[in-house]
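Asks: CSV, C-alpha atoms and all ligand atoms, file work.csv:
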chain,number,residue,atom,x,y,z
A,1,MET,CA,99.0,82.1,91.5
A,2,ILE,CA,98.1,79.3,93.8
A,3,GLU,CA,98.8,75.7,92.7
A,4,PHE,CA,97.7,72.4,94.2
A,5,ILE,CA,99.9,69.6,92.8
A,6,GLY,CA,98.9,66.1,93.8
A,7,VAL,CA,97.5,67.4,97.1
A,8,GLU,CA,95.6,65.2,99.5
A,9,LYS,CA,94.5,65.4,103.1
A,10,ARG,CA,93.7,62.3,105.1
A,11,TYR,CA,93.3,61.9,108.8
A,12,SER,CA,93.6,58.1,108.7
A,13,LYS,CA,93.4,55.4,106.1
A,14,SER,CA,89.7,55.7,105.7
A,15,ALA,CA,89.1,59.3,106.7
A,16,ILE,CA,90.0,61.3,103.6
A,17,ALA,CA,89.1,65.0,104.0
A,18,VAL,CA,90.3,66.0,100.6
A,19,GLU,CA,91.1,63.5,97.8
A,20,LYS,CA,94.1,63.9,95.6
A,21,LEU,CA,93.7,67.0,93.4
A,22,ASP,CA,95.6,69.2,90.9
A,23,LEU,CA,94.2,72.7,90.6
A,24,THR,CA,95.5,76.2,89.7
A,25,ILE,CA,94.0,79.5,90.9
A,26,GLU,CA,95.1,82.5,88.8
A,27,ASP,CA,95.8,85.9,90.3
A,28,ASN,CA,93.1,88.5,90.8
A,29,GLN,CA,90.3,85.9,90.6
A,30,PHE,CA,87.3,85.6,92.9
A,31,ILE,CA,87.0,81.9,93.6
A,32,CYS,CA,84.2,80.4,95.6
A,33,VAL,CA,84.4,76.9,97.1
A,34,ILE,CA,81.0,75.3,97.5
A,35,GLY,CA,79.8,72.0,98.6
A,36,THR,CA,77.7,70.2,101.3
A,37,SER,CA,78.8,70.2,104.9
A,38,GLY,CA,81.9,68.0,105.5
A,39,SER,CA,82.8,67.9,101.8
A,40,GLY,CA,86.3,69.3,102.5
A,41,LYS,CA,85.9,73.1,101.8
A,42,THR,CA,87.6,74.3,105.0
A,43,THR,CA,90.3,71.8,104.6
A,44,LEU,CA,91.1,72.8,101.1
A,45,LEU,CA,91.1,76.5,102.1
A,46,ARG,CA,93.4,75.9,105.1
A,47,MET,CA,95.9,74.0,103.1
A,48,ILE,CA,96.6,77.2,101.1
A,49,ASN,CA,98.1,78.9,104.1
A,50,ARG,CA,99.3,75.7,105.8
A,51,MET,CA,96.9,76.1,108.8
A,52,ILE,CA,96.4,72.4,107.7
A,53,ALA,CA,99.4,70.6,106.2
A,54,PRO,CA,98.7,68.4,103.2
A,55,SER,CA,99.3,64.6,103.8
A,56,THR,CA,100.9,64.4,100.3
A,57,GLY,CA,101.5,66.8,97.5
A,58,THR,CA,102.7,70.4,97.1
A,59,VAL,CA,100.9,73.7,97.4
A,60,LYS,CA,102.8,76.6,95.7
A,61,ILE,CA,102.2,80.3,95.9
A,62,ASN,CA,103.6,82.2,92.9
A,63,GLY,CA,105.8,79.1,92.1
A,64,GLU,CA,107.2,78.8,95.6
A,65,ASP,CA,106.5,75.6,97.7
A,66,THR,CA,104.7,76.8,100.8
A,67,ILE,CA,106.7,74.3,102.9
A,68,ASN,CA,109.7,76.6,102.5
A,69,LEU,CA,107.8,79.6,103.9
A,70,ASN,CA,107.7,80.1,107.7
A,71,GLU,CA,104.5,81.1,109.4
A,72,ASP,CA,105.3,84.9,109.4
A,73,GLU,CA,106.0,84.8,105.6
A,74,LEU,CA,102.7,82.9,105.0
A,75,ARG,CA,100.6,85.4,107.1
A,76,ARG,CA,102.2,88.3,105.2
A,77,LYS,CA,101.2,86.8,101.9
A,78,ILE,CA,97.8,85.4,102.8
A,79,GLY,CA,95.0,86.9,104.9
A,80,TYR,CA,92.4,84.7,106.6
A,81,VAL,CA,88.8,85.6,107.7
A,82,ILE,CA,86.3,83.4,109.4
A,83,GLN,CA,82.6,83.8,110.2
A,84,ASN,CA,81.6,85.9,113.1
A,85,ILE,CA,84.8,87.3,114.4
A,86,GLY,CA,83.3,90.6,115.4
A,87,LEU,CA,85.3,93.8,116.1
A,88,PHE,CA,87.1,94.0,119.4
A,89,PRO,CA,84.8,96.3,121.6
A,90,HIS,CA,87.6,97.9,123.7
A,91,LEU,CA,89.6,99.0,120.6
A,92,THR,CA,88.9,102.0,118.4
A,93,ILE,CA,87.8,101.4,114.8
A,94,ARG,CA,91.3,102.4,113.7
A,95,ASP,CA,93.0,99.9,116.0
A,96,ASN,CA,90.5,97.2,114.9
A,97,ILE,CA,91.3,97.8,111.3
A,98,MET,CA,95.1,97.9,111.9
A,99,ILE,CA,95.2,94.8,114.1
A,100,VAL,CA,96.8,92.5,111.5
A,101,PRO,CA,99.5,95.0,110.4
A,102,LYS,CA,100.3,95.4,114.1
A,103,LEU,CA,100.5,91.7,114.7
A,104,LEU,CA,102.8,91.5,111.7
A,105,LYS,CA,104.9,94.2,113.4
A,106,TRP,CA,104.7,96.9,110.6
A,107,THR,CA,106.5,100.1,111.3
A,108,GLU,CA,104.5,103.4,112.0
A,109,HIS,CA,105.7,104.5,108.5
A,110,GLN,CA,104.2,101.4,106.9
A,111,LYS,CA,100.9,101.8,108.8
A,112,GLN,CA,100.6,105.4,107.8
A,113,GLY,CA,97.3,106.3,106.1
A,114,ILE,CA,96.0,102.8,105.6
A,115,SER,CA,92.9,103.0,107.9
A,116,GLU,CA,92.0,106.4,106.3
A,117,LYS,CA,92.2,105.0,102.8
A,118,LEU,CA,90.2,101.9,103.7
A,119,ILE,CA,87.4,103.7,105.5
A,120,GLU,CA,87.0,106.0,102.6
A,121,LYS,CA,86.6,103.0,100.3
A,122,VAL,CA,83.5,102.0,102.2
A,123,GLU,CA,82.1,105.5,102.4
A,124,LEU,CA,82.2,105.9,106.2
A,125,PRO,CA,83.4,109.3,107.7
A,126,LEU,CA,87.0,109.6,108.8
A,127,GLU,CA,86.0,110.6,112.3
A,128,TYR,CA,84.6,107.1,112.9
A,129,LEU,CA,88.2,105.9,113.1
A,130,ASP,CA,88.4,107.2,116.7
A,131,ARG,CA,85.1,105.7,117.8
A,132,LYS,CA,84.5,102.4,119.6
A,133,PRO,CA,82.6,99.7,117.7
A,134,ASN,CA,79.4,100.1,119.8
A,135,ASN,CA,79.1,103.7,118.5
A,136,LEU,CA,78.6,102.4,115.0
A,137,SER,CA,75.5,100.6,113.7
A,138,GLY,CA,75.6,96.9,113.1
A,139,GLY,CA,75.8,97.3,109.4
A,140,GLN,CA,78.7,99.8,109.7
A,141,GLN,CA,80.5,97.4,112.0
A,142,GLN,CA,80.2,94.7,109.4
A,143,ARG,CA,81.8,96.9,106.8
A,144,ILE,CA,84.7,97.6,109.1
A,145,GLY,CA,85.1,93.9,109.5
A,146,VAL,CA,85.5,93.5,105.8
A,147,ILE,CA,88.1,96.2,105.4
A,148,ARG,CA,90.0,94.9,108.3
A,149,ALA,CA,90.7,91.8,106.2
A,150,LEU,CA,92.3,94.1,103.6
A,151,ALA,CA,94.5,96.2,105.9
A,152,ALA,CA,97.6,94.1,105.7
A,153,ASN,CA,97.5,94.3,101.9
A,154,GLN,CA,98.1,90.5,101.3
A,155,ASP,CA,97.6,89.5,97.7
A,156,ILE,CA,95.5,86.5,98.7
A,157,ILE,CA,92.5,86.6,101.1
A,158,LEU,CA,90.9,83.4,102.3
A,159,MET,CA,87.4,83.7,103.6
A,160,ASP,CA,85.5,80.8,105.3
A,161,GLU,CA,81.7,81.5,105.2
A,162,PRO,CA,82.3,85.1,106.3
A,163,PHE,CA,78.7,86.2,105.7
A,164,GLY,CA,77.0,82.9,106.7
A,165,ALA,CA,75.2,84.3,109.8
A,166,LEU,CA,74.0,87.6,108.4
A,167,ASP,CA,70.5,88.7,107.4
A,168,PRO,CA,69.9,88.9,103.6
A,169,ILE,CA,70.1,92.7,103.3
A,170,THR,CA,73.4,93.1,105.2
A,171,ARG,CA,74.7,90.1,103.3
A,172,ASP,CA,73.7,91.6,100.0
A,173,ALA,CA,75.4,94.9,100.7
A,174,LEU,CA,78.6,93.2,101.9
A,175,GLN,CA,78.7,90.9,98.9
A,176,GLU,CA,78.6,93.9,96.6
A,177,MET,CA,81.3,95.6,98.7
A,178,ILE,CA,83.8,92.7,98.8
A,179,LYS,CA,83.4,92.1,95.1
A,180,ARG,CA,84.1,95.7,94.3
A,181,LEU,CA,87.1,95.9,96.7
A,182,GLN,CA,88.5,92.7,95.3
A,183,LYS,CA,88.5,94.2,91.8
A,184,GLU,CA,89.7,97.6,92.8
A,185,MET,CA,92.5,96.3,95.0
A,186,GLN,CA,93.3,93.4,92.7
A,187,LYS,CA,93.1,90.6,95.3
A,188,THR,CA,92.9,86.9,94.8
A,189,VAL,CA,90.0,85.8,97.0
A,190,VAL,CA,89.2,82.2,97.9
A,191,PHE,CA,85.8,82.2,99.5
A,192,VAL,CA,84.0,79.2,101.1
A,193,THR,CA,80.2,79.2,101.0
A,194,HIS,CA,77.4,76.7,101.0
A,195,ASP,CA,75.0,79.2,99.2
A,196,ILE,CA,74.9,78.7,95.5
A,197,GLU,CA,73.4,82.1,94.9
A,198,GLU,CA,76.3,83.7,96.8
A,199,ALA,CA,78.8,81.7,94.7
A,200,ILE,CA,77.2,82.7,91.4
A,201,LYS,CA,77.0,86.3,92.4
A,202,LEU,CA,80.6,86.6,93.5
A,203,SER,CA,82.7,84.2,91.5
A,204,ASP,CA,84.9,84.3,88.5
A,205,LYS,CA,85.3,80.6,88.9
A,206,ILE,CA,83.7,78.1,91.3
A,207,ILE,CA,85.2,75.0,92.9
A,208,ILE,CA,82.4,72.4,93.6
A,209,MET,CA,83.2,69.8,96.2
A,210,ASP,CA,81.4,66.6,97.1
A,211,HIS,CA,82.7,64.1,99.7
A,212,GLY,CA,86.3,65.3,99.5
A,213,LYS,CA,86.4,65.4,95.7
A,214,VAL,CA,86.5,68.4,93.5
A,215,VAL,CA,83.7,67.5,91.1
A,216,GLN,CA,83.9,70.7,88.9
A,217,TYR,CA,86.1,73.7,88.7
A,218,ASP,CA,85.2,76.1,86.0
A,219,THR,CA,83.8,79.6,85.2
A,220,THR,CA,80.4,80.4,86.7
A,221,GLU,CA,79.0,80.6,83.2
A,222,ASN,CA,80.3,77.2,82.1
A,223,ILE,CA,79.1,75.6,85.3
A,224,LEU,CA,75.6,77.0,84.7
A,225,ARG,CA,75.7,75.8,81.1
A,226,HIS,CA,77.3,72.4,81.5
A,227,PRO,CA,77.0,71.0,85.0
A,228,ALA,CA,79.5,68.2,85.4
A,229,ASN,CA,77.3,65.6,87.0
A,230,ALA,CA,74.0,65.0,88.9
A,231,PHE,CA,75.4,66.5,92.1
A,232,VAL,CA,76.1,69.8,90.4
A,233,GLU,CA,72.7,69.7,88.7
A,234,GLU,CA,71.1,69.2,92.0
A,235,LEU,CA,73.1,72.1,93.6
A,236,LEU,CA,71.8,74.3,90.8
A,237,GLY,CA,68.4,72.7,90.9
A,238,LYS,CA,66.7,75.0,93.3
A,239,ARG,CA,67.4,77.8,90.9
A,240,LYS,CA,66.1,76.0,87.8
A,241,LYS,CA,62.7,75.7,89.3
A,242,GLN,CA,62.5,79.5,89.6
A,243,THR,CA,63.4,80.0,85.9
A,244,SER,CA,60.8,77.7,84.6
A,245,ILE,CA,58.4,80.5,85.5
A,246,GLY,CA,60.1,82.3,82.6
A,247,ASN,CA,59.0,85.8,81.6
A,248,ASP,CA,56.0,85.6,83.9
A,249,ILE,CA,58.1,85.5,87.0
A,250,ARG,CA,56.5,87.7,89.7
A,251,VAL,CA,57.9,89.7,92.5
A,252,ALA,CA,56.4,87.2,94.9
A,253,ASP,CA,58.5,84.4,93.3
A,254,LEU,CA,61.8,86.1,94.0
A,255,MET,CA,61.2,88.2,97.1
A,256,ASN,CA,62.7,87.4,100.4
A,257,ASN,CA,60.2,87.3,103.2
A,258,GLN,CA,62.7,87.7,106.0
A,259,VAL,CA,62.3,91.5,106.6
A,260,GLU,CA,63.2,93.8,109.4
A,261,ALA,CA,60.3,96.1,110.2
A,262,ILE,CA,59.4,98.3,113.2
A,263,SER,CA,56.0,99.6,114.4
A,264,LEU,CA,55.6,103.4,114.0
A,265,SER,CA,54.5,103.6,117.6
A,266,LYS,CA,57.9,102.4,118.8
A,267,SER,CA,60.6,104.8,120.2
A,268,ILE,CA,63.9,105.7,118.5
A,269,ILE,CA,65.7,103.8,121.2
A,270,ASP,CA,63.7,100.6,120.3
A,271,ALA,CA,64.8,101.2,116.6
A,272,ILE,CA,68.5,101.5,117.6
A,273,ARG,CA,68.2,98.3,119.7
A,274,GLN,CA,66.6,96.4,116.8
A,275,MET,CA,69.2,97.6,114.3
A,276,THR,CA,72.0,96.6,116.6
A,277,ASN,CA,70.5,93.2,117.3
A,278,LYS,CA,69.8,92.4,113.7
A,279,LYS,CA,73.0,94.1,112.4
A,280,VAL,CA,71.1,96.3,109.9
A,281,ASP,CA,71.4,100.0,109.0
A,282,SER,CA,67.7,100.6,108.1
A,283,LEU,CA,64.3,99.4,109.1
A,284,LEU,CA,60.9,99.6,107.3
A,285,VAL,CA,58.2,101.1,109.4
A,286,VAL,CA,54.7,99.6,109.6
A,287,ASP,CA,51.5,100.3,111.5
A,288,ASP,CA,49.8,97.7,113.7
A,289,GLN,CA,48.1,96.1,110.7
A,290,GLN,CA,51.5,95.7,108.9
A,291,HIS,CA,50.7,98.5,106.4
A,292,LEU,CA,53.9,99.9,105.0
A,293,LYS,CA,54.3,103.5,106.3
A,294,GLY,CA,57.9,104.4,105.6
A,295,PHE,CA,61.5,103.7,106.6
A,296,ILE,CA,64.2,105.0,108.8
A,297,ASP,CA,68.0,104.5,108.6
A,298,ILE,CA,70.9,105.1,110.8
A,299,GLN,CA,71.6,108.6,109.4
A,300,ASP,CA,68.0,109.7,110.2
A,301,ILE,CA,68.5,108.6,113.7
A,302,ASP,CA,72.0,110.3,114.0
A,303,ARG,CA,70.5,113.6,112.9
A,304,ASN,CA,67.4,113.5,115.0
A,305,ILE,CA,68.2,111.6,118.2
A,306,ASN,CA,68.3,114.7,120.3
A,307,LYS,CA,65.2,116.3,118.8
A,308,PHE,CA,62.6,113.5,118.7
A,309,THR,CA,61.7,110.3,120.6
A,310,ASN,CA,59.4,108.4,118.3
A,311,VAL,CA,59.9,106.5,115.1
A,312,TYR,CA,56.9,108.1,113.4
A,313,GLU,CA,58.4,111.6,114.0
A,314,ILE,CA,61.6,110.9,112.0
A,315,MET,CA,60.6,108.2,109.5
A,316,ARG,CA,60.7,109.0,105.8
A,317,THR,CA,57.4,108.5,104.2
A,318,GLU,CA,58.3,108.7,100.5
A,319,THR,CA,59.3,105.0,100.4
A,320,ALA,CA,59.1,103.3,97.1
A,321,SER,CA,57.5,99.9,97.1
A,322,VAL,CA,56.3,97.2,94.7
A,323,ASN,CA,53.2,95.0,94.6
A,324,GLN,CA,54.0,91.3,95.0
A,325,ASN,CA,51.9,90.5,91.9
A,326,GLU,CA,53.9,92.8,89.6
A,327,LYS,CA,56.2,91.2,87.0
A,328,VAL,CA,59.8,91.3,87.9
A,329,ALA,CA,60.7,92.7,84.5
A,330,ASP,CA,58.7,95.8,85.4
A,331,VAL,CA,60.6,96.5,88.6
A,332,VAL,CA,64.1,96.2,87.4
A,333,ASP,CA,64.4,99.9,86.9
A,334,PRO,CA,63.3,101.0,90.4
A,335,LEU,CA,65.5,98.3,91.9
A,336,LEU,CA,68.6,99.6,90.1
A,337,ASN,CA,67.9,103.3,90.7
A,338,MET,CA,66.5,103.3,94.2
A,339,GLU,CA,68.0,104.8,97.3
A,340,LEU,CA,67.6,101.7,99.4
A,341,LYS,CA,69.6,98.6,98.7
A,342,TYR,CA,66.3,96.7,98.5
A,343,LEU,CA,62.6,97.4,97.7
A,344,PRO,CA,59.8,96.7,100.1
A,345,VAL,CA,57.1,94.3,98.7
A,346,VAL,CA,53.5,94.8,99.6
A,347,ASP,CA,50.2,93.0,99.0
A,348,ASP,CA,47.1,94.6,97.5
A,349,ALA,CA,46.2,96.1,100.9
A,350,ASN,CA,49.7,97.7,101.1
A,351,ARG,CA,50.7,95.3,103.9
A,352,LEU,CA,54.5,94.6,104.0
A,353,VAL,CA,55.1,91.0,102.9
A,354,GLY,CA,58.8,90.9,101.9
A,355,ILE,CA,61.7,92.6,100.2
A,356,MET,CA,63.4,92.4,96.8
A,357,THR,CA,67.2,92.7,97.0
A,358,ARG,CA,69.6,93.4,94.1
A,359,SER,CA,71.2,89.9,94.5
A,360,SER,CA,67.8,88.3,93.7
A,361,LEU,CA,67.9,90.2,90.5
A,362,VAL,CA,71.5,89.2,89.7
A,363,SER,CA,70.6,85.5,90.0
A,364,LEU,CA,67.6,86.0,87.7
A,365,ILE,CA,69.9,87.6,85.1
A,366,TYR,CA,72.3,84.7,85.3
A,367,ASP,CA,69.4,82.3,84.8
A,368,GLN,CA,68.4,84.1,81.6
A,369,LEU,CA,71.9,83.6,80.3
A,370,LYS,CA,71.5,79.9,80.0
B,401,LIG,P1,83.6,71.5,105.2
B,401,LIG,O1,84.3,72.7,105.5
B,401,LIG,O2,83.3,71.3,103.8
B,401,LIG,O3,82.3,71.4,106.0
B,401,LIG,P2,85.9,70.2,106.4
B,401,LIG,O4,87.0,70.5,105.5
B,401,LIG,O5,85.8,70.9,107.7
B,401,LIG,O6,84.5,70.2,105.6
B,401,LIG,O7,86.0,68.6,106.7
B,401,LIG,C1,86.1,67.6,105.8
B,401,LIG,C2,86.0,66.2,106.4
B,401,LIG,O8,87.2,66.0,107.2
B,401,LIG,C3,84.8,66.0,107.3
B,401,LIG,O9,84.3,64.7,107.1
B,401,LIG,C4,85.4,66.2,108.7
B,401,LIG,O10,84.7,65.4,109.6
B,401,LIG,C5,86.8,65.7,108.5
B,401,LIG,N1,87.8,66.3,109.4
B,401,LIG,C6,88.1,67.6,109.5
B,401,LIG,N2,89.0,67.8,110.5
B,401,LIG,C7,89.3,66.6,111.0
B,401,LIG,C8,90.3,66.2,112.0
B,401,LIG,N3,91.0,67.1,112.7
B,401,LIG,N4,90.3,64.9,112.3
B,401,LIG,C9,89.6,64.0,111.6
B,401,LIG,N5,88.7,64.3,110.6
B,401,LIG,C10,88.6,65.6,110.3
B,402,MG,MG,83.9,74.4,106.8
Mind turning this structure into structure tokens?

Replies:
Amino acid sequence: MIEFIGVEKRYSKSAIAVEKLDLTIEDNQFICVIGTSGSGKTTLLRMINRMIAPSTGTVKINGEDTINLNEDELRRKIGYVIQNIGLFPHLTIRDNIMIVPKLLKWTEHQKQGISEKLIEKVELPLEYLDRKPNNLSGGQQQRIGVIRALAANQDIILMDEPFGALDPITRDALQEMIKRLQKEMQKTVVFVTHDIEEAIKLSDKIIIMDHGKVVQYDTTENILRHPANAFVEELLGKRKKQTSIGNDIRVADLMNNQVEAISLSKSIIDAIRQMTNKKVDSLLVVDDQQHLKGFIDIQDIDRNINKFTNVYEIMRTETASVNQNEKVADVVDPLLNMELKYLPVVDDANRLVGIMTRSSLVSLIYDQLK
């Protein structure tokens, strides 16, 4: 349990980063902290592990005042992840995963088996542990980045906009993964985001901040049903417009038009380069007129890299897709049952215009709850 008791952070008389607050976070909860830039999210987060010391008040972890814990003890209890700390290129995947236990001076016995257990949890082969990061795809590296945060087995993990810079597909996959791991491993996660969709998808409870004040702290469902004030309503506002379309909502209304595609005339090397740059594990394949032709993923490339040179030789052509004019209600089934984490969306001429991800569906279902 994390307790804030009369906690405040001010940098001067007038510069108040976080106004006086009392707030309790129960164990095994996924908590998102959301608010505009400068509203005090990072400050709130860092006061939990005393990277920032409160000006007044007390922060307690499991009933113990954190002021009585030294830095080592705090780092052992609380993990911390920020955006864009990539893997260390000169270390193996195993050494990357084990970096925090090593910094905490765990014995060999304590470290035994941890990286194997974690890499299995994210469905990557054990032999990857001995590879260097640049031998993994961008998406695989991201997964390793997430399990690295879990290696030291702290009960509390603080994450400050960890997926902020990622493309929507990778982000969607990592959100599902962190939520699953949080439940399985019974962690308390406090996760800063400025994306309301992300907060709704991940949270048991959401802390909403505005100008240093916590304006609402409640379950996701209660916040959606009873926004505390106009600021919260506005935060949820973008989503409400979508729901007014009601049952007639179309794929085009929900799809994401940021999509990674490659031309079928490109080489496999081009595909690898594009996947690495964009940190994705798969690419849709199109012809010169943007007609959807198929898809390739990193496994296809792994299997065929020595046999073929061109994308069209190895792409899979049995790609499912949906028309942008279809009703979302009619594509729920394929979206839940498909092989890909997303569905390509095409226009009437079969030109690729976007993708539907599972998280867009999750937000829709939450909207229908209201
Ligand atoms: P957020 O993470 O929500 O964007 P922060 O918690 O980083 O916001 O910052 C909250 C407020 O505190 C901002 O107005 C910021 O300018 C101010 N602030 C943060 N750190 C300092 C500092 N070291 N000195 C003075 N003001 C600061
Ligand atoms: Mg911040």

Asks: Within 7 Å of A:Val33, counting only C-alpha atoms, which residues show up once you throw out same-chain ones fewer than 3 positions away? Write them as a list in words, please.

Replies: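 What passes the distance filter is Lys41, Phe191, Val192, Thr193, Ile206, Ile207 and Ile208 of chain A.
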
Asks: Interatomic distance between atom CA of A:Ile249 and atom CA of A:Tyr342?

Replies: 18.0 Å

Asks: Please identify the residues whose atoms come within 12 Å of ligand LIG 401 (chain B), using only C-alpha atoms and all ligand atoms, and report them as an mmCIF file with C-alpha atoms, in the coordinates of the input.

Replies:
data_model
loop_
_atom_site.group_PDB
_atom_site.id
_atom_site.type_symbol
_atom_site.label_atom_id
_atom_site.label_comp_id
_atom_site.auth_asym_id
_atom_site.auth_seq_id
_atom_site.Cartn_x
_atom_site.Cartn_y
_atom_site.Cartn_z
ATOM 1 C CA GLU A 8 95.600 65.200 99.500
ATOM 2 C CA LYS A 9 94.500 65.400 103.100
ATOM 3 C CA ARG A 10 93.700 62.300 105.100
ATOM 4 C CA TYR A 11 93.300 61.900 108.800
ATOM 5 C CA SER A 12 93.600 58.100 108.700
ATOM 6 C CA LYS A 13 93.400 55.400 106.100
ATOM 7 C CA SER A 14 89.700 55.700 105.700
ATOM 8 C CA ALA A 15 89.100 59.300 106.700
ATOM 9 C CA ILE A 16 90.000 61.300 103.600
ATOM 10 C CA ALA A 17 89.100 65.000 104.000
ATOM 11 C CA VAL A 18 90.300 66.000 100.600
ATOM 12 C CA GLU A 19 91.100 63.500 97.800
ATOM 13 C CA VAL A 33 84.400 76.900 97.100
ATOM 14 C CA ILE A 34 81.000 75.300 97.500
ATOM 15 C CA GLY A 35 79.800 72.000 98.600
ATOM 16 C CA THR A 36 77.700 70.200 101.300
ATOM 17 C CA SER A 37 78.800 70.200 104.900
ATOM 18 C CA GLY A 38 81.900 68.000 105.500
ATOM 19 C CA SER A 39 82.800 67.900 101.800
ATOM 20 C CA GLY A 40 86.300 69.300 102.500
ATOM 21 C CA LYS A 41 85.900 73.100 101.800
ATOM 22 C CA THR A 42 87.600 74.300 105.000
ATOM 23 C CA THR A 43 90.300 71.800 104.600
ATOM 24 C CA LEU A 44 91.100 72.800 101.100
ATOM 25 C CA LEU A 45 91.100 76.500 102.100
ATOM 26 C CA ARG A 46 93.400 75.900 105.100
ATOM 27 C CA MET A 47 95.900 74.000 103.100
ATOM 28 C CA MET A 51 96.900 76.100 108.800
ATOM 29 C CA ILE A 52 96.400 72.400 107.700
ATOM 30 C CA ALA A 53 99.400 70.600 106.200
ATOM 31 C CA ILE A 82 86.300 83.400 109.400
ATOM 32 C CA MET A 159 87.400 83.700 103.600
ATOM 33 C CA ASP A 160 85.500 80.800 105.300
ATOM 34 C CA GLU A 161 81.700 81.500 105.200
ATOM 35 C CA PHE A 191 85.800 82.200 99.500
ATOM 36 C CA VAL A 192 84.000 79.200 101.100
ATOM 37 C CA THR A 193 80.200 79.200 101.000
ATOM 38 C CA HIS A 194 77.400 76.700 101.000
ATOM 39 C CA ILE A 207 85.200 75.000 92.900
ATOM 40 C CA ILE A 208 82.400 72.400 93.600
ATOM 41 C CA MET A 209 83.200 69.800 96.200
ATOM 42 C CA ASP A 210 81.400 66.600 97.100
ATOM 43 C CA HIS A 211 82.700 64.100 99.700
ATOM 44 C CA GLY A 212 86.300 65.300 99.500
ATOM 45 C CA LYS A 213 86.400 65.400 95.700
ATOM 46 C CA VAL A 214 86.500 68.400 93.500
#

Asks: Check the smallest atom-to-atom distance from each of A:Leu343, A:Leu236, A:Val190, A:Val259 to A:Asn28 using only C-alpha atoms, then report the winner.

Replies: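 Closest candidate: A:Val190.
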
Asks: Neighbouring residues of A:Pro101 were defined as those with any atom within 7 Å, considering all atoms listed in the file; residues of the same chain fewer than 3 positions away were excluded. Please report them as a PDB file with C-alpha atoms, keeping the file's coordinate frame.

Replies:
ATOM      1  CA  MET A  98      95.100  97.900 111.900  1.00  0.00           C
ATOM      2  CA  LEU A 104     102.800  91.500 111.700  1.00  0.00           C
ATOM      3  CA  LYS A 105     104.900  94.200 113.400  1.00  0.00           C
ATOM      4  CA  TRP A 106     104.700  96.900 110.600  1.00  0.00           C
ATOM      5  CA  ALA A 151      94.500  96.200 105.900  1.00  0.00           C
ATOM      6  CA  ALA A 152      97.600  94.100 105.700  1.00  0.00           C
TER       7      ALA A 152
END

Asks: Within 8 Å of stretch 267-275 of chain A, counting all atoms listed in the file, which residues show up once you throw out same-chain ones fewer than 2 positions away? Write them as a VMD selection string, please.

Replies: chain A and resid 137 to 138 262 265 277 to 283 301 305 308 to 311

Asks: Take the selection from the previous step and output its residues with C-alpha atoms, as a PDB file, keeping the file's coordinate frame.

Replies:
ATOM      1  CA  SER A 137      75.500 100.600 113.700  1.00  0.00           C
ATOM      2  CA  GLY A 138      75.600  96.900 113.100  1.00  0.00           C
ATOM      3  CA  ILE A 262      59.400  98.300 113.200  1.00  0.00           C
ATOM      4  CA  SER A 265      54.500 103.600 117.600  1.00  0.00           C
ATOM      5  CA  ASN A 277      70.500  93.200 117.300  1.00  0.00           C
ATOM      6  CA  LYS A 278      69.800  92.400 113.700  1.00  0.00           C
ATOM      7  CA  LYS A 279      73.000  94.100 112.400  1.00  0.00           C
ATOM      8  CA  VAL A 280      71.100  96.300 109.900  1.00  0.00           C
ATOM      9  CA  ASP A 281      71.400 100.000 109.000  1.00  0.00           C
ATOM     10  CA  SER A 282      67.700 100.600 108.100  1.00  0.00           C
ATOM     11  CA  LEU A 283      64.300  99.400 109.100  1.00  0.00           C
ATOM     12  CA  ILE A 301      68.500 108.600 113.700  1.00  0.00           C
ATOM     13  CA  ILE A 305      68.200 111.600 118.200  1.00  0.00           C
ATOM     14  CA  PHE A 308      62.600 113.500 118.700  1.00  0.00           C
ATOM     15  CA  THR A 309      61.700 110.300 120.600  1.00  0.00           C
ATOM     16  CA  ASN A 310      59.400 108.400 118.300  1.00  0.00           C
ATOM     17  CA  VAL A 311      59.900 106.500 115.100  1.00  0.00           C
TER      18      VAL A 311
END
